[in-house]
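J.: Quick one: the structure is below, questions incoming.
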There are 2 protein chains.
Amino acid sequence: MSEPLFDTVCFVGIGHIGSSLALALRKHGLARRLVALEAAPEHRRIAVEIGVVDEATDDPAKAVPGAGLVVIAVPVGAVESVGQAIAPHLAPGTIVTDVGSVKMAVIRDLAPSIPDGVHYVPGHPIAGTEHSGPRSGFAELFQGRWQILTPLPGTDAHAVATLTELWTRVGSMVEVMDPHHHDKVLAITSHLPHLIAYTIVGTASDLEAHLAQEVIKFSASGFRDFTRIAASDPIMWRDIFINNREAVLEVIQRFTEDLTALQRAIRWGEGEVLEKRFTETRAIRRAIIDAKQA
Amino acid sequence: MSEPLFDTVCFVGIGHIGSSLALALRKHGLARRLVALEAAPEHRRIAVEIGVVDEATDDPAKAVPGAGLVVIAVPVGAVESVGQAIAPHLAPGTIVTDVGSVKMAVIRDLAPSIPDGVHYVPGHPIAGTEHSGPRSGFAELFQGRWQILTPLPGTDAHAVATLTELWTRVGSMVEVMDPHHHDKVLAITSHLPHLIAYTIVGTASDLEAHLAQEVIKFSASGFRDFTRIAASDPIMWRDIFINNREAVLEVIQRFTEDLTALQRAIRWGEGEVLEKRFTETRAIRRAIIDAKQA
């Protein structure tokens, strides 16, 4: 157990990511007291009952003052109103971070509310499962995963260093990145895969009932891997797509072109086109295994 | 250990599926002797060395005679020439089955070679990983998974019953299905997911080099699940798409329409369309978990 980095940490939203980070901070002794500001009574009750946080409230005036770190872990579309609600209670010197999967829109919606003297450092842990809610949190979620920080020009270097230490101590590797670049990279690595998974599972669920039953029965042949991704939180993902529109539309366009090319090769029986493409994709898998992200 | 179902079983092709079934037959004592007919010298050497089969050869005249069961486990595109090669050596009463992911084309290519008195029962185990070759086989691969049999009109009922017993004893549940219907169901549950995975990984591998590096680094956010599927054997999948063309093109069309609808919702900021769709897809995941295929 090492020296705590913070006396009190306040989580705004205690869902999958919030509760996982709370448990990780506890496990590594990084905070003395954990508080949740959470709108859903059920989540507040569970989070306290299972010991994710010491205290949970829906009143910013009770949750925010006294916290040295405020972690905003709500769907991206809720960040603006959260920022307005907590702003009056943020004391100078407080560090505010968020865990949103989109960074440009979150900065646009949150930064204007942050008072002078409060250090806002946008962040995004590249970790998570398809589960949601405080019961789904676990302390090891961030172990061996990347944490991206996208500090704004002029952000206090000490605040960035403190967050870097916090994420490092819960097991993550930290990368500092431009927020615009973040949104472009994540559109490919995360937003497009989720959209595709939602689409294919949706396509299957539109089938006639007896065929849909068989799709479920024989899902082990590839389909089920998509259903896991497509079981992710609908509100969270609605907000991500709406708030990273341009980058997502750009990668959908590339994807559609590539799919059309393969579709054409299938129609015309061009086996060599398919084989070449399917061989190239193996190299990426090997690189991911080598990078220990498999 | 129960009574063997066969004295000798011959595997034509000793890759991932062939070697897994060989190991399963051995584990459950379902055959006394296992032989591989395999074109690749390296696969023959490995399969004997690690004890997957007792003997391996590239000569049908040595491998096939004496086998009560012949299991054809080669890429779908190789089935026709395999059928012609083994046909002269098949004795009356022998059961021939295959494990191809496409059934109409395999029946078209294989059935004409099968001599009178030999019982051909097409099959498809809904199991497998992204790995290939005899080293990747394991006896538990079929445990709790479906085995589909698509017998032709007039097929010997005893042969179907024997194969049903064999698959049941290696842990599978057996489903008898019309081959045309099989190809339609698998186009959705397996062929489309693989094509989509190959496409998205291909889209990423076309990115400028520095961006591709970041895609690998941050792949844990959804992308890596696709890369596992897109690491599957290129020849096997080339053959599947070419040989299930009509059903695959039909589901690509449905998928593209659905993707276009979501794309449009993103462009116009129609959050309620996205949320509705993303909520529907969760039900399919729950059904798969309930069906114990997750």
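Chain lettering (A, B, ...) mirrors the order of the structure tokens, residue numbering begins at 1 for each chain separately, and ligand numbering begins at 1 in order of display.
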So that each row is one residue of chain B with an atom at most 6 Å from chain A, can you give its shortest atom pair and the distance in Å to one decimal, using only C-alpha atoms, rows by chain and rising number, as CSV?
T.:
residue,atom,partner,partner_atom,distance
B:Ile126,CA,A:Ser221,CA,5.6
B:Thr189,CA,A:Phe223,CA,4.8
B:Ser190,CA,A:Gly222,CA,4.8
B:Pro193,CA,A:Phe223,CA,5.8
B:Thr199,CA,A:Leu259,CA,5.8
B:Val201,CA,A:Thr281,CA,5.9
B:Gly202,CA,A:Thr281,CA,5.7
B:Thr203,CA,A:Phe255,CA,5.9
B:Val215,CA,A:Thr189,CA,5.7
B:Ile216,CA,A:Ile288,CA,5.4
B:Ser219,CA,A:Thr189,CA,5.6
B:Ser221,CA,A:Ser190,CA,4.9
B:Gly222,CA,A:Ser190,CA,4.9
B:Phe223,CA,A:Thr189,CA,4.9
B:Thr227,CA,A:Arg285,CA,5.3
B:Ala231,CA,A:Arg282,CA,4.6
B:Pro234,CA,A:Phe278,CA,5.0
B:Arg238,CA,A:Glu275,CA,5.6
B:Ile242,CA,A:Gly269,CA,5.7
B:Phe255,CA,A:Thr203,CA,5.9
B:Leu259,CA,A:Thr199,CA,5.8
B:Ile266,CA,A:Ile242,CA,5.7
B:Gly269,CA,A:Ile242,CA,5.7
B:Gly271,CA,A:Arg238,CA,5.9
B:Leu274,CA,A:Arg238,CA,5.7
B:Glu275,CA,A:Pro234,CA,5.4
B:Phe278,CA,A:Pro234,CA,5.0
B:Thr279,CA,A:Pro234,CA,5.7
B:Thr281,CA,A:Gly202,CA,5.7
B:Arg282,CA,A:Ala231,CA,4.6
B:Arg285,CA,A:Thr227,CA,5.3
B:Ile288,CA,A:Ile216,CA,5.4
J.: Please identify all polymer residues within 10 Å of stretch 18-24 of chain A, counting only C-alpha atoms, omitting same-chain residues fewer than 4 positions from it, and present them as a ChimeraX atom specification.
T.: /A:9-14,28-31,33-36,47,51-53,71-74,98-99,125,128,132-143,166-167,169-171
J.: I need the chosen residues saved as an mmCIF file, in the first residue's frame, with C-alpha atoms.
T.:
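The result, stored in result.cif:
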data_model
loop_
_atom_site.group_PDB
_atom_site.id
_atom_site.type_symbol
_atom_site.label_atom_id
_atom_site.label_comp_id
_atom_site.auth_asym_id
_atom_site.auth_seq_id
_atom_site.Cartn_x
_atom_site.Cartn_y
_atom_site.Cartn_z
ATOM 1 C CA VAL A 9 -12.104 11.555 -4.847
ATOM 2 C CA CYS A 10 -15.586 12.297 -6.191
ATOM 3 C CA PHE A 11 -17.023 10.174 -8.998
ATOM 4 C CA VAL A 12 -19.729 11.841 -11.023
ATOM 5 C CA GLY A 13 -21.554 8.754 -12.302
ATOM 6 C CA ILE A 14 -20.787 5.406 -10.705
ATOM 7 C CA HIS A 28 -3.967 0.578 -4.505
ATOM 8 C CA GLY A 29 -4.570 2.928 -1.575
ATOM 9 C CA LEU A 30 -4.673 6.026 -3.758
ATOM 10 C CA ALA A 31 -7.509 7.843 -1.958
ATOM 11 C CA ARG A 33 -12.398 8.588 0.859
ATOM 12 C CA LEU A 34 -14.538 7.916 -2.201
ATOM 13 C CA VAL A 35 -17.783 9.737 -2.914
ATOM 14 C CA ALA A 36 -20.281 9.271 -5.752
ATOM 15 C CA ALA A 47 -22.412 1.449 -4.931
ATOM 16 C CA GLY A 51 -18.391 -0.892 -0.946
ATOM 17 C CA VAL A 52 -17.480 0.781 -4.229
ATOM 18 C CA VAL A 53 -17.725 4.204 -2.554
ATOM 19 C CA VAL A 71 -13.836 12.054 -12.128
ATOM 20 C CA ILE A 72 -16.710 12.570 -14.556
ATOM 21 C CA ALA A 73 -17.867 9.155 -15.750
ATOM 22 C CA VAL A 74 -21.257 9.720 -17.361
ATOM 23 C CA ASP A 98 -13.422 12.665 -17.431
ATOM 24 C CA VAL A 99 -13.439 9.228 -19.049
ATOM 25 C CA PRO A 125 -9.235 4.815 -20.487
ATOM 26 C CA GLY A 128 -14.225 -1.596 -20.527
ATOM 27 C CA SER A 132 -22.789 -1.559 -17.200
ATOM 28 C CA GLY A 133 -23.701 -0.326 -13.748
ATOM 29 C CA PRO A 134 -21.805 -0.309 -10.436
ATOM 30 C CA ARG A 135 -22.034 -4.079 -9.931
ATOM 31 C CA SER A 136 -19.988 -4.633 -13.110
ATOM 32 C CA GLY A 137 -16.934 -2.745 -11.876
ATOM 33 C CA PHE A 138 -13.677 -4.490 -11.030
ATOM 34 C CA ALA A 139 -10.330 -3.121 -9.845
ATOM 35 C CA GLU A 140 -8.237 -4.873 -12.518
ATOM 36 C CA LEU A 141 -10.064 -3.348 -15.502
ATOM 37 C CA PHE A 142 -7.252 -0.897 -16.275
ATOM 38 C CA GLN A 143 -4.371 -3.309 -15.745
ATOM 39 C CA LEU A 166 -2.731 7.795 -10.639
ATOM 40 C CA TRP A 167 -3.341 5.841 -13.847
ATOM 41 C CA ARG A 169 -0.502 3.103 -10.202
ATOM 42 C CA VAL A 170 -3.763 1.366 -11.185
ATOM 43 C CA GLY A 171 -1.777 -0.504 -13.854
#
J.: Please return, as a list in words, all residues of stretch 160-282 of chain B that DSSP assigns to strand (DSSP E) on the basis of the backbone.
T.: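 Of stretch 160-282 of chain B, the ones in strand (DSSP E) are Met173, Val174, Glu175 and Val176 of chain B.
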J.: Could you please write out, as a PyMOL selection string, every residue of stretch 58-258 of chain A that DSSP assigns to alpha helix (DSSP H)?
T.: chain A and resi 60-63+79-86+104-110+157-169+179-186+192-205+209-217+223-229+234-243+245-258
J.: Once you have the residues from the selection above, write them out as an mmCIF file, in the first residue's frame, restricted to C-alpha atoms.
T.:
data_model
loop_
_atom_site.group_PDB
_atom_site.id
_atom_site.type_symbol
_atom_site.label_atom_id
_atom_site.label_comp_id
_atom_site.auth_asym_id
_atom_site.auth_seq_id
_atom_site.Cartn_x
_atom_site.Cartn_y
_atom_site.Cartn_z
ATOM 1 C CA PRO A 60 -23.406 18.285 -5.926
ATOM 2 C CA ALA A 61 -23.146 20.577 -2.891
ATOM 3 C CA LYS A 62 -22.512 17.503 -0.725
ATOM 4 C CA ALA A 63 -20.384 15.460 -3.124
ATOM 5 C CA VAL A 79 -21.249 15.974 -19.596
ATOM 6 C CA GLU A 80 -22.468 19.527 -20.270
ATOM 7 C CA SER A 81 -25.213 19.521 -17.644
ATOM 8 C CA VAL A 82 -22.947 17.730 -15.170
ATOM 9 C CA GLY A 83 -20.324 20.429 -15.677
ATOM 10 C CA GLN A 84 -22.856 23.167 -14.973
ATOM 11 C CA ALA A 85 -24.107 21.346 -11.871
ATOM 12 C CA ILE A 86 -20.709 20.823 -10.263
ATOM 13 C CA MET A 104 -13.472 17.164 -28.770
ATOM 14 C CA ALA A 105 -17.184 17.278 -27.913
ATOM 15 C CA VAL A 106 -16.550 16.716 -24.204
ATOM 16 C CA ILE A 107 -14.027 19.553 -24.126
ATOM 17 C CA ARG A 108 -16.512 21.758 -25.998
ATOM 18 C CA ASP A 109 -19.267 20.935 -23.502
ATOM 19 C CA LEU A 110 -17.288 20.834 -20.263
ATOM 20 C CA ALA A 157 1.628 20.385 -15.804
ATOM 21 C CA HIS A 158 1.416 19.250 -12.209
ATOM 22 C CA ALA A 159 -2.220 18.169 -12.661
ATOM 23 C CA VAL A 160 -1.254 16.142 -15.736
ATOM 24 C CA ALA A 161 1.633 14.560 -13.800
ATOM 25 C CA THR A 162 -0.628 13.659 -10.872
ATOM 26 C CA LEU A 163 -3.186 11.971 -13.149
ATOM 27 C CA THR A 164 -0.370 10.187 -14.957
ATOM 28 C CA GLU A 165 0.800 8.820 -11.629
ATOM 29 C CA LEU A 166 -2.731 7.795 -10.639
ATOM 30 C CA TRP A 167 -3.341 5.841 -13.847
ATOM 31 C CA THR A 168 0.109 4.310 -13.741
ATOM 32 C CA ARG A 169 -0.502 3.103 -10.202
ATOM 33 C CA PRO A 179 -7.943 15.529 -28.612
ATOM 34 C CA HIS A 180 -8.749 15.839 -32.314
ATOM 35 C CA HIS A 181 -6.309 13.059 -33.139
ATOM 36 C CA HIS A 182 -7.808 10.954 -30.328
ATOM 37 C CA ASP A 183 -11.257 11.195 -31.883
ATOM 38 C CA LYS A 184 -9.922 10.126 -35.274
ATOM 39 C CA VAL A 185 -8.045 7.100 -33.892
ATOM 40 C CA LEU A 186 -10.940 5.989 -31.706
ATOM 41 C CA LEU A 192 -16.716 1.859 -36.142
ATOM 42 C CA PRO A 193 -16.384 -1.657 -34.636
ATOM 43 C CA HIS A 194 -19.262 -0.935 -32.273
ATOM 44 C CA LEU A 195 -21.434 0.513 -35.035
ATOM 45 C CA ILE A 196 -20.745 -2.513 -37.245
ATOM 46 C CA ALA A 197 -21.527 -4.908 -34.402
ATOM 47 C CA TYR A 198 -24.782 -3.107 -33.639
ATOM 48 C CA THR A 199 -25.655 -3.196 -37.331
ATOM 49 C CA ILE A 200 -25.009 -6.894 -37.889
ATOM 50 C CA VAL A 201 -26.855 -7.916 -34.746
ATOM 51 C CA GLY A 202 -29.694 -5.634 -35.790
ATOM 52 C CA THR A 203 -29.768 -7.202 -39.246
ATOM 53 C CA ALA A 204 -30.121 -10.614 -37.609
ATOM 54 C CA SER A 205 -32.811 -9.472 -35.204
ATOM 55 C CA ALA A 209 -38.690 -15.341 -36.024
ATOM 56 C CA HIS A 210 -37.753 -18.942 -36.865
ATOM 57 C CA LEU A 211 -34.560 -17.850 -38.635
ATOM 58 C CA ALA A 212 -33.636 -15.565 -35.731
ATOM 59 C CA GLN A 213 -33.944 -18.550 -33.399
ATOM 60 C CA GLU A 214 -31.449 -20.462 -35.514
ATOM 61 C CA VAL A 215 -29.079 -17.510 -35.576
ATOM 62 C CA ILE A 216 -29.036 -17.666 -31.774
ATOM 63 C CA LYS A 217 -28.587 -21.433 -31.774
ATOM 64 C CA PHE A 223 -21.898 -14.014 -34.802
ATOM 65 C CA ARG A 224 -21.736 -14.266 -31.014
ATOM 66 C CA ASP A 225 -18.508 -12.223 -30.877
ATOM 67 C CA PHE A 226 -20.451 -9.327 -32.352
ATOM 68 C CA THR A 227 -23.350 -9.724 -29.952
ATOM 69 C CA ARG A 228 -21.037 -9.193 -26.988
ATOM 70 C CA ILE A 229 -19.978 -5.812 -28.379
ATOM 71 C CA PRO A 234 -27.187 2.072 -25.677
ATOM 72 C CA ILE A 235 -27.172 5.591 -24.183
ATOM 73 C CA MET A 236 -23.399 5.714 -23.942
ATOM 74 C CA TRP A 237 -23.042 4.670 -27.577
ATOM 75 C CA ARG A 238 -25.814 6.898 -28.887
ATOM 76 C CA ASP A 239 -23.926 9.831 -27.376
ATOM 77 C CA ILE A 240 -20.575 8.728 -28.784
ATOM 78 C CA PHE A 241 -21.827 8.532 -32.367
ATOM 79 C CA ILE A 242 -23.681 11.825 -32.179
ATOM 80 C CA ASN A 243 -20.638 13.520 -30.643
ATOM 81 C CA ARG A 245 -20.049 12.471 -36.086
ATOM 82 C CA GLU A 246 -17.479 13.669 -38.592
ATOM 83 C CA ALA A 247 -14.760 11.164 -37.778
ATOM 84 C CA VAL A 248 -17.292 8.317 -37.631
ATOM 85 C CA LEU A 249 -18.917 9.224 -40.963
ATOM 86 C CA GLU A 250 -15.478 9.371 -42.559
ATOM 87 C CA VAL A 251 -14.534 5.848 -41.426
ATOM 88 C CA ILE A 252 -17.955 4.427 -42.337
ATOM 89 C CA GLN A 253 -17.318 5.728 -45.837
ATOM 90 C CA ARG A 254 -13.928 3.992 -46.036
ATOM 91 C CA PHE A 255 -15.404 0.808 -44.610
ATOM 92 C CA THR A 256 -18.285 0.805 -47.100
ATOM 93 C CA GLU A 257 -15.918 1.220 -50.028
ATOM 94 C CA ASP A 258 -13.833 -1.715 -48.807
#
J.: Mind giving me the straight-line distance from atom CA of A:Asp59 to atom CA of A:Pro122 in Å, one decimal?
T.: 23.2 Å
J.: Quick one, how far is atom CA of B:Asp178 from atom CA of B:Gly93?
T.: 23.5 Å
